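In what follows, a single structure is set out as structure tokens and then discussed.
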2 protein chains.
Amino acid sequence: MKKITIKEIAEMAGVSKATVSRVLNDSKYVSPEIYSRVMKVIEETGYKPSFIARSLVNKKTKVVGLLIPDISNPFYSELVKGMVEVANKYDYNILLCNSFFNQKKEMDFLKLLWEKEVEGIIFMTHEITNKHRKFFEKYTRPTVTVNRKFWGFDIPNVDIDNFLAGYDATEYLVKQNHHRIAIVRAPLSDETAGVERYEGYKKALEDYGIDFDEKLVKEGNFKADTGYKAMEDLLELDSPPTAVFCVNDEMACGVINCVVEKGLKVPEDISVVGFDDIPLASMFIPSITTIRQPIYDMGALSMELMYKMIKGEKVESKTYVLPHKLVVRQSTMKNE
Amino acid sequence: MKKITIKEIAEMAGVSKATVSRVLNDSKYVSPEIYSRVMKVIEETGYKPSFIARSLVNKKTKVVGLLIPDISNPFYSELVKGMVEVANKYDYNILLCNSFFNQKKEMDFLKLLWEKEVEGIIFMTHEITNKHRKFFEKYTRPTVTVNRKFWGFDIPNVDIDNFLAGYDATEYLVKQNHHRIAIVRAPLSDETAGVERYEGYKKALEDYGIDFDEKLVKEGNFKADTGYKAMEDLLELDSPPTAVFCVNDEMACGVINCVVEKGLKVPEDISVVGFDDIPLASMFIPSITTIRQPIYDMGALSMELMYKMIKGEKVESKTYVLPHKLVVRQSTMKNE
DNA sequence: TTGTAGGCGTTATCAC
DNA sequence: GTGATAACGCCTACAA
């Protein structure tokens, strides 16, 4: 079953291809009679113009490329949801690339997105490397990052104030009378969850005159089991913490699981604060006190920025900071 | 910065476009000297052939369309992960369409995917309607469904045996000595989670001589709060259930939350079984006994089938049944 | 208002 | 082996 083309429609309607094209594109210069005659044929045949051919002419694929590390991670999937909703609003589609945290794949995908001539790229990576820099020196189409500032490049970024968020979480625990507060952070290669939130944590301790203790700093990779492992270590300390701040909710789950399995209680024995406020956080027992990131909104905003850039509007290449919020639930309480 | 084309490369290398094209496509009919001369120019200029133009001539977009209800739902996002991994293996990309459970959007997306000339469509919908049927009567490119048999059409489907899974979950509870077993199922418009698993539940009761009690049947929409609500109702019964089977894990969470908030315990007072085995199920406290669906594998298989069909290989248009498995955890125990 | 013709960047089919 | 040249399906001056 050969695909119907504009030529056939033209012949069937007894007009030229140009006229059919005009009808298709709602040009004003077509008489009502011809318009309806052509429309009739189009509907009868179920003709659908080829996006490919169109793209070739007008350079608009109506597709934006999305590069993320892991679609099955609830943080990213919520982000993507915000993006697709906005993209749809503007009749854009998303070409999904999942890097699985693999740098080589990331670079391959970037090249691919370029070749496929997406109109722009929204990308998220664990760490920005020189390869990325090299790529984006040549790639001049609209680009937006989320959660990762691309220093030295003309690329807008959508994020929260991670330093302040880390500060807020810690300050809250301090005010709950906790003095030994541990942190489970990401690797330092992660600028936001490894460095900035961590710095906020340290600054809060400092501001409230609490000595920083390196033994209370653990590193995880965002997965629950690394939170669990971190907590195991912390509990073996001579003087274990009374509160733990985790830079994401899944690790907080792991921490709580560990505490409970050791026969202790959350929050009675140990308070736990998470980060992100993924759906899990409120469903968990105990529900988890956490820093809410407006994840959906971040996704939506990044796509709005992308669209503006595609339209040719100027957007500042700064970090667009969205508000975070401490959500107090059952996993924390005042320290006696 | 104008994009470089094959024509420029040809001129710079002092050959014809045809030759450049041959180099690009690894045709054997090019002399080594010319080959390297052309390659040099390509590398120096960073030239990337246009996928669009290519697609126009050879009809291969190397893209498959994916239509799902909600990317932020952990079940779907895991499924998608399986798909992208396989798609990547074959150098295919995924155009992501999120219908938000909206039928009109679904149909719009299907049309769009057709226009964008994706090489195939994998689609998931809550309910297959006549509009879908009408569409797929005309759409002849490869199509695969997941979790939804498209009766009467030549379309393969990937799924588990939902009837048996419902049976297994119920039978397990019966063997744990439970006699009043409630079910929180999906709406009956949902053939798998609303009907088949429910039928399995009923059959198990029947086989073990337990009277079916309509009061113990509740309906939810897969969200935790509907599970919570269902449990509230169940607890108000004169003779409440001692066990609850939920057709997904999130509703099971809601059920457990309700039980706990009413001052009862899981599993001591009430056993709860979920379905899917999303990551949450094992992290939850208590960890949730559930029916594991091989979600990732289902995604992977559906894309493998898609690829075969694209290649022109014949694939049976049957339901490809993957194995499910009861995973016993802490949310269930023997009834005294 | 409508038609003609050229072009978008490739690949494929011929000759040479 | 290599080079013209005609598609691929559509849009858009330019003419009429």
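Labeling convention for the structure tokens: chains A, B, ... as they appear, residues from 1 per chain, ligands from 1 in order of appearance.
Near B:Leu235, within 12 Å and counting only C-alpha atoms (C1' of nucleotides), sit Ala182, Lys215, Leu216, Lys218, Tyr228, Lys229, Pro241, Thr242, Ala243, Val244, Val255, Ile256, Cys258, Val259, Val260, Glu261, Lys262, Gly263, Leu264, Asp269 and Ile270 of chain B, not including residues fewer than 6 positions from it in the same chain.
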May I have the residues from that selection written out with N, CA, C and O atoms, as a PDB file, in the first residue's frame?
```
ATOM      1  N   ALA B 182     -10.114  -9.461  50.651  1.00  0.00           N
ATOM      2  CA  ALA B 182     -10.661  -8.385  49.820  1.00  0.00           C
ATOM      3  C   ALA B 182      -9.785  -8.176  48.589  1.00  0.00           C
ATOM      4  O   ALA B 182      -8.638  -8.622  48.534  1.00  0.00           O
ATOM      5  N   LYS B 215     -19.007  -7.415  48.923  1.00  0.00           N
ATOM      6  CA  LYS B 215     -18.612  -6.305  49.805  1.00  0.00           C
ATOM      7  C   LYS B 215     -17.096  -6.186  49.891  1.00  0.00           C
ATOM      8  O   LYS B 215     -16.582  -5.145  50.299  1.00  0.00           O
ATOM      9  N   LEU B 216     -16.428  -7.253  49.566  1.00  0.00           N
ATOM     10  CA  LEU B 216     -14.971  -7.249  49.689  1.00  0.00           C
ATOM     11  C   LEU B 216     -14.281  -6.802  48.396  1.00  0.00           C
ATOM     12  O   LEU B 216     -13.071  -6.890  48.257  1.00  0.00           O
ATOM     13  N   LYS B 218     -13.369  -3.806  45.957  1.00  0.00           N
ATOM     14  CA  LYS B 218     -13.282  -2.349  45.854  1.00  0.00           C
ATOM     15  C   LYS B 218     -12.576  -1.975  44.559  1.00  0.00           C
ATOM     16  O   LYS B 218     -11.830  -2.764  43.991  1.00  0.00           O
ATOM     17  N   TYR B 228      -6.086   3.784  49.801  1.00  0.00           N
ATOM     18  CA  TYR B 228      -6.375   4.253  51.157  1.00  0.00           C
ATOM     19  C   TYR B 228      -7.878   4.316  51.389  1.00  0.00           C
ATOM     20  O   TYR B 228      -8.416   3.806  52.358  1.00  0.00           O
ATOM     21  N   LYS B 229      -8.526   4.930  50.436  1.00  0.00           N
ATOM     22  CA  LYS B 229      -9.981   5.088  50.517  1.00  0.00           C
ATOM     23  C   LYS B 229     -10.687   3.732  50.554  1.00  0.00           C
ATOM     24  O   LYS B 229     -11.610   3.504  51.362  1.00  0.00           O
ATOM     25  N   PRO B 241     -12.034  -7.741  56.224  1.00  0.00           N
ATOM     26  CA  PRO B 241     -11.145  -8.778  55.690  1.00  0.00           C
ATOM     27  C   PRO B 241      -9.891  -8.921  56.567  1.00  0.00           C
ATOM     28  O   PRO B 241      -9.538  -8.014  57.306  1.00  0.00           O
ATOM     29  N   THR B 242      -9.254 -10.068  56.458  1.00  0.00           N
ATOM     30  CA  THR B 242      -7.971 -10.247  57.147  1.00  0.00           C
ATOM     31  C   THR B 242      -6.827 -10.132  56.154  1.00  0.00           C
ATOM     32  O   THR B 242      -5.669 -10.147  56.530  1.00  0.00           O
ATOM     33  N   ALA B 243      -7.206 -10.038  54.900  1.00  0.00           N
ATOM     34  CA  ALA B 243      -6.177  -9.893  53.865  1.00  0.00           C
ATOM     35  C   ALA B 243      -6.734  -9.093  52.691  1.00  0.00           C
ATOM     36  O   ALA B 243      -7.928  -9.159  52.405  1.00  0.00           O
ATOM     37  N   VAL B 244      -5.842  -8.347  52.048  1.00  0.00           N
ATOM     38  CA  VAL B 244      -6.261  -7.532  50.896  1.00  0.00           C
ATOM     39  C   VAL B 244      -5.293  -7.733  49.743  1.00  0.00           C
ATOM     40  O   VAL B 244      -4.079  -7.663  49.921  1.00  0.00           O
ATOM     41  N   VAL B 255      -3.285   1.214  51.060  1.00  0.00           N
ATOM     42  CA  VAL B 255      -3.992   0.307  51.968  1.00  0.00           C
ATOM     43  C   VAL B 255      -3.229   0.183  53.284  1.00  0.00           C
ATOM     44  O   VAL B 255      -3.795   0.315  54.369  1.00  0.00           O
ATOM     45  N   ILE B 256      -1.944  -0.045  53.175  1.00  0.00           N
ATOM     46  CA  ILE B 256      -1.126  -0.215  54.383  1.00  0.00           C
ATOM     47  C   ILE B 256      -1.139   1.066  55.218  1.00  0.00           C
ATOM     48  O   ILE B 256      -1.283   1.033  56.438  1.00  0.00           O
ATOM     49  N   CYS B 258      -3.419   3.223  55.444  1.00  0.00           N
ATOM     50  CA  CYS B 258      -4.711   3.328  56.111  1.00  0.00           C
ATOM     51  C   CYS B 258      -4.760   2.420  57.321  1.00  0.00           C
ATOM     52  O   CYS B 258      -5.159   2.833  58.418  1.00  0.00           O
ATOM     53  N   VAL B 259      -4.349   1.196  57.129  1.00  0.00           N
ATOM     54  CA  VAL B 259      -4.362   0.221  58.223  1.00  0.00           C
ATOM     55  C   VAL B 259      -3.562   0.748  59.405  1.00  0.00           C
ATOM     56  O   VAL B 259      -4.025   0.740  60.555  1.00  0.00           O
ATOM     57  N   VAL B 260      -2.359   1.215  59.109  1.00  0.00           N
ATOM     58  CA  VAL B 260      -1.476   1.707  60.168  1.00  0.00           C
ATOM     59  C   VAL B 260      -2.082   2.910  60.876  1.00  0.00           C
ATOM     60  O   VAL B 260      -2.048   3.022  62.099  1.00  0.00           O
ATOM     61  N   GLU B 261      -2.664   3.801  60.096  1.00  0.00           N
ATOM     62  CA  GLU B 261      -3.236   5.002  60.710  1.00  0.00           C
ATOM     63  C   GLU B 261      -4.434   4.706  61.603  1.00  0.00           C
ATOM     64  O   GLU B 261      -4.738   5.459  62.519  1.00  0.00           O
ATOM     65  N   LYS B 262      -5.097   3.608  61.311  1.00  0.00           N
ATOM     66  CA  LYS B 262      -6.234   3.236  62.154  1.00  0.00           C
ATOM     67  C   LYS B 262      -5.763   2.489  63.403  1.00  0.00           C
ATOM     68  O   LYS B 262      -6.553   1.923  64.151  1.00  0.00           O
ATOM     69  N   GLY B 263      -4.471   2.411  63.561  1.00  0.00           N
ATOM     70  CA  GLY B 263      -3.954   1.773  64.756  1.00  0.00           C
ATOM     71  C   GLY B 263      -3.799   0.264  64.641  1.00  0.00           C
ATOM     72  O   GLY B 263      -3.481  -0.413  65.607  1.00  0.00           O
ATOM     73  N   LEU B 264      -4.012  -0.258  63.451  1.00  0.00           N
ATOM     74  CA  LEU B 264      -3.828  -1.699  63.249  1.00  0.00           C
ATOM     75  C   LEU B 264      -2.456  -1.955  62.645  1.00  0.00           C
ATOM     76  O   LEU B 264      -1.742  -1.029  62.287  1.00  0.00           O
ATOM     77  N   ASP B 269      -2.425  -7.757  61.804  1.00  0.00           N
ATOM     78  CA  ASP B 269      -3.888  -7.679  61.744  1.00  0.00           C
ATOM     79  C   ASP B 269      -4.423  -7.909  60.332  1.00  0.00           C
ATOM     80  O   ASP B 269      -5.450  -8.552  60.153  1.00  0.00           O
ATOM     81  N   ILE B 270      -3.719  -7.372  59.414  1.00  0.00           N
ATOM     82  CA  ILE B 270      -4.169  -7.502  58.030  1.00  0.00           C
ATOM     83  C   ILE B 270      -2.988  -7.738  57.101  1.00  0.00           C
ATOM     84  O   ILE B 270      -1.978  -7.022  57.159  1.00  0.00           O
TER      85      ILE B 270
END
```
Quick one: everything within 7 Å of stretch 2-16 of chain D, counting only C-alpha atoms (C1' of nucleotides), minus sequence neighbours fewer than 5 positions away in the same chain. Send it as a ChimeraX atom specification. /A:5,50,53-54,57 /B:16,19,56-57
Output as CSV one row per residue of chain A within 7 Å of chain B: the closest atom pair and its distance in Å to one decimal place, counting only C-alpha atoms, sorted by chain and residue number ascending.
```
residue,atom,partner,partner_atom,distance
A:Lys48,CA,B:Glu115,CA,5.9
A:Pro49,CA,B:Glu115,CA,6.5
A:Ser50,CA,B:Glu115,CA,5.7
A:Phe51,CA,B:Lys116,CA,5.1
A:Ile52,CA,B:Ile52,CA,6.0
A:Ala53,CA,B:Leu56,CA,6.2
A:Leu56,CA,B:Ile52,CA,6.1
A:Ile71,CA,B:Ser77,CA,6.0
A:Ser72,CA,B:Ser77,CA,4.8
A:Pro74,CA,B:Ser72,CA,6.7
A:Ser77,CA,B:Ser72,CA,4.8
A:Glu78,CA,B:Ser72,CA,5.0
A:Lys81,CA,B:Ser72,CA,6.2
A:Val84,CA,B:Asn98,CA,6.9
A:Asn93,CA,B:Leu95,CA,6.9
A:Ile94,CA,B:Leu96,CA,5.5
A:Leu95,CA,B:Leu95,CA,4.6
A:Leu96,CA,B:Ile94,CA,5.6
A:Asn98,CA,B:Val84,CA,6.9
A:Glu115,CA,B:Ser50,CA,5.8
A:Lys116,CA,B:Phe51,CA,5.1
A:Cys253,CA,B:Met283,CA,6.7
A:Met283,CA,B:Cys253,CA,6.7
A:Phe284,CA,B:Phe284,CA,6.4
A:Ile285,CA,B:Ile285,CA,6.2
```
Filtering to N, CA and C atoms, could you give me those residues as a PDB file, in the first residue's frame?
```pdb
ATOM      1  N   LYS A  48      -2.047  12.163   4.638  1.00  0.00           N
ATOM      2  CA  LYS A  48      -1.285  12.844   5.679  1.00  0.00           C
ATOM      3  C   LYS A  48       0.026  13.329   5.076  1.00  0.00           C
ATOM      4  N   PRO A  49       0.241  14.646   5.089  1.00  0.00           N
ATOM      5  CA  PRO A  49       1.482  15.173   4.509  1.00  0.00           C
ATOM      6  C   PRO A  49       2.697  14.618   5.243  1.00  0.00           C
ATOM      7  N   SER A  50       3.763  14.462   4.523  1.00  0.00           N
ATOM      8  CA  SER A  50       4.977  13.904   5.113  1.00  0.00           C
ATOM      9  C   SER A  50       5.779  14.950   5.883  1.00  0.00           C
ATOM     10  N   PHE A  51       5.928  14.678   7.153  1.00  0.00           N
ATOM     11  CA  PHE A  51       6.703  15.580   7.995  1.00  0.00           C
ATOM     12  C   PHE A  51       8.148  15.665   7.512  1.00  0.00           C
ATOM     13  N   ILE A  52       8.617  14.537   7.046  1.00  0.00           N
ATOM     14  CA  ILE A  52      10.010  14.463   6.596  1.00  0.00           C
ATOM     15  C   ILE A  52      10.247  15.452   5.460  1.00  0.00           C
ATOM     16  N   ALA A  53       9.423  15.348   4.460  1.00  0.00           N
ATOM     17  CA  ALA A  53       9.591  16.217   3.299  1.00  0.00           C
ATOM     18  C   ALA A  53       9.478  17.678   3.724  1.00  0.00           C
ATOM     19  N   LEU A  56      12.545  18.896   5.470  1.00  0.00           N
ATOM     20  CA  LEU A  56      13.657  19.120   4.559  1.00  0.00           C
ATOM     21  C   LEU A  56      13.600  20.523   3.986  1.00  0.00           C
ATOM     22  N   ILE A  71      15.593   7.107  32.819  1.00  0.00           N
ATOM     23  CA  ILE A  71      14.169   7.411  32.791  1.00  0.00           C
ATOM     24  C   ILE A  71      13.407   6.711  33.905  1.00  0.00           C
ATOM     25  N   SER A  72      13.935   5.632  34.424  1.00  0.00           N
ATOM     26  CA  SER A  72      13.178   4.907  35.446  1.00  0.00           C
ATOM     27  C   SER A  72      13.387   5.505  36.839  1.00  0.00           C
ATOM     28  N   PRO A  74      12.571   8.080  39.483  1.00  0.00           N
ATOM     29  CA  PRO A  74      11.364   8.903  39.643  1.00  0.00           C
ATOM     30  C   PRO A  74      11.608  10.403  39.494  1.00  0.00           C
ATOM     31  N   SER A  77      11.753  10.935  35.703  1.00  0.00           N
ATOM     32  CA  SER A  77      10.510  10.685  34.979  1.00  0.00           C
ATOM     33  C   SER A  77       9.483  11.782  35.267  1.00  0.00           C
ATOM     34  N   GLU A  78       9.543  12.336  36.470  1.00  0.00           N
ATOM     35  CA  GLU A  78       8.639  13.437  36.774  1.00  0.00           C
ATOM     36  C   GLU A  78       9.043  14.683  35.980  1.00  0.00           C
ATOM     37  N   LYS A  81       7.895  14.377  32.533  1.00  0.00           N
ATOM     38  CA  LYS A  81       6.464  14.617  32.435  1.00  0.00           C
ATOM     39  C   LYS A  81       6.182  16.107  32.237  1.00  0.00           C
ATOM     40  N   VAL A  84       7.179  16.998  28.576  1.00  0.00           N
ATOM     41  CA  VAL A  84       6.292  16.571  27.497  1.00  0.00           C
ATOM     42  C   VAL A  84       5.006  17.380  27.480  1.00  0.00           C
ATOM     43  N   ASN A  93       7.543  17.379  19.776  1.00  0.00           N
ATOM     44  CA  ASN A  93       7.694  16.040  20.335  1.00  0.00           C
ATOM     45  C   ASN A  93       9.076  15.879  20.933  1.00  0.00           C
ATOM     46  N   ILE A  94       9.203  14.837  21.692  1.00  0.00           N
ATOM     47  CA  ILE A  94      10.468  14.594  22.363  1.00  0.00           C
ATOM     48  C   ILE A  94      11.102  13.298  21.898  1.00  0.00           C
ATOM     49  N   LEU A  95      12.342  13.424  21.494  1.00  0.00           N
ATOM     50  CA  LEU A  95      13.114  12.244  21.140  1.00  0.00           C
ATOM     51  C   LEU A  95      13.909  11.865  22.385  1.00  0.00           C
ATOM     52  N   LEU A  96      13.594  10.708  22.907  1.00  0.00           N
ATOM     53  CA  LEU A  96      14.136  10.324  24.213  1.00  0.00           C
ATOM     54  C   LEU A  96      15.446   9.551  24.130  1.00  0.00           C
ATOM     55  N   ASN A  98      18.337   7.860  26.600  1.00  0.00           N
ATOM     56  CA  ASN A  98      18.644   7.455  27.967  1.00  0.00           C
ATOM     57  C   ASN A  98      20.111   7.017  28.010  1.00  0.00           C
ATOM     58  N   GLU A 115      22.545  15.025  14.246  1.00  0.00           N
ATOM     59  CA  GLU A 115      22.273  14.507  12.897  1.00  0.00           C
ATOM     60  C   GLU A 115      20.786  14.445  12.603  1.00  0.00           C
ATOM     61  N   LYS A 116      20.032  14.080  13.594  1.00  0.00           N
ATOM     62  CA  LYS A 116      18.592  13.975  13.371  1.00  0.00           C
ATOM     63  C   LYS A 116      17.941  15.344  13.331  1.00  0.00           C
ATOM     64  N   CYS A 253      15.194   6.449  52.342  1.00  0.00           N
ATOM     65  CA  CYS A 253      14.500   5.179  52.561  1.00  0.00           C
ATOM     66  C   CYS A 253      15.466   4.127  53.044  1.00  0.00           C
ATOM     67  N   MET A 283       4.302   8.557  50.845  1.00  0.00           N
ATOM     68  CA  MET A 283       3.634   7.270  51.048  1.00  0.00           C
ATOM     69  C   MET A 283       4.346   6.433  52.090  1.00  0.00           C
ATOM     70  N   PHE A 284       5.613   6.706  52.264  1.00  0.00           N
ATOM     71  CA  PHE A 284       6.429   5.883  53.150  1.00  0.00           C
ATOM     72  C   PHE A 284       5.924   5.920  54.593  1.00  0.00           C
ATOM     73  N   ILE A 285       6.259   4.872  55.336  1.00  0.00           N
ATOM     74  CA  ILE A 285       5.918   4.842  56.753  1.00  0.00           C
ATOM     75  C   ILE A 285       7.205   4.710  57.546  1.00  0.00           C
TER      76      ILE A 285
END
```
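Counting from atom CA of B:Lys265, the distance to atom CA of A:Gln176 is 29.2 Å.
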Quick check: residues of chain C within 8 Å of chain A, only C-alpha atoms (C1' of nucleotides), returned as a list in words. DT1, DT2, DG3, DC8 and DG9 of chain C
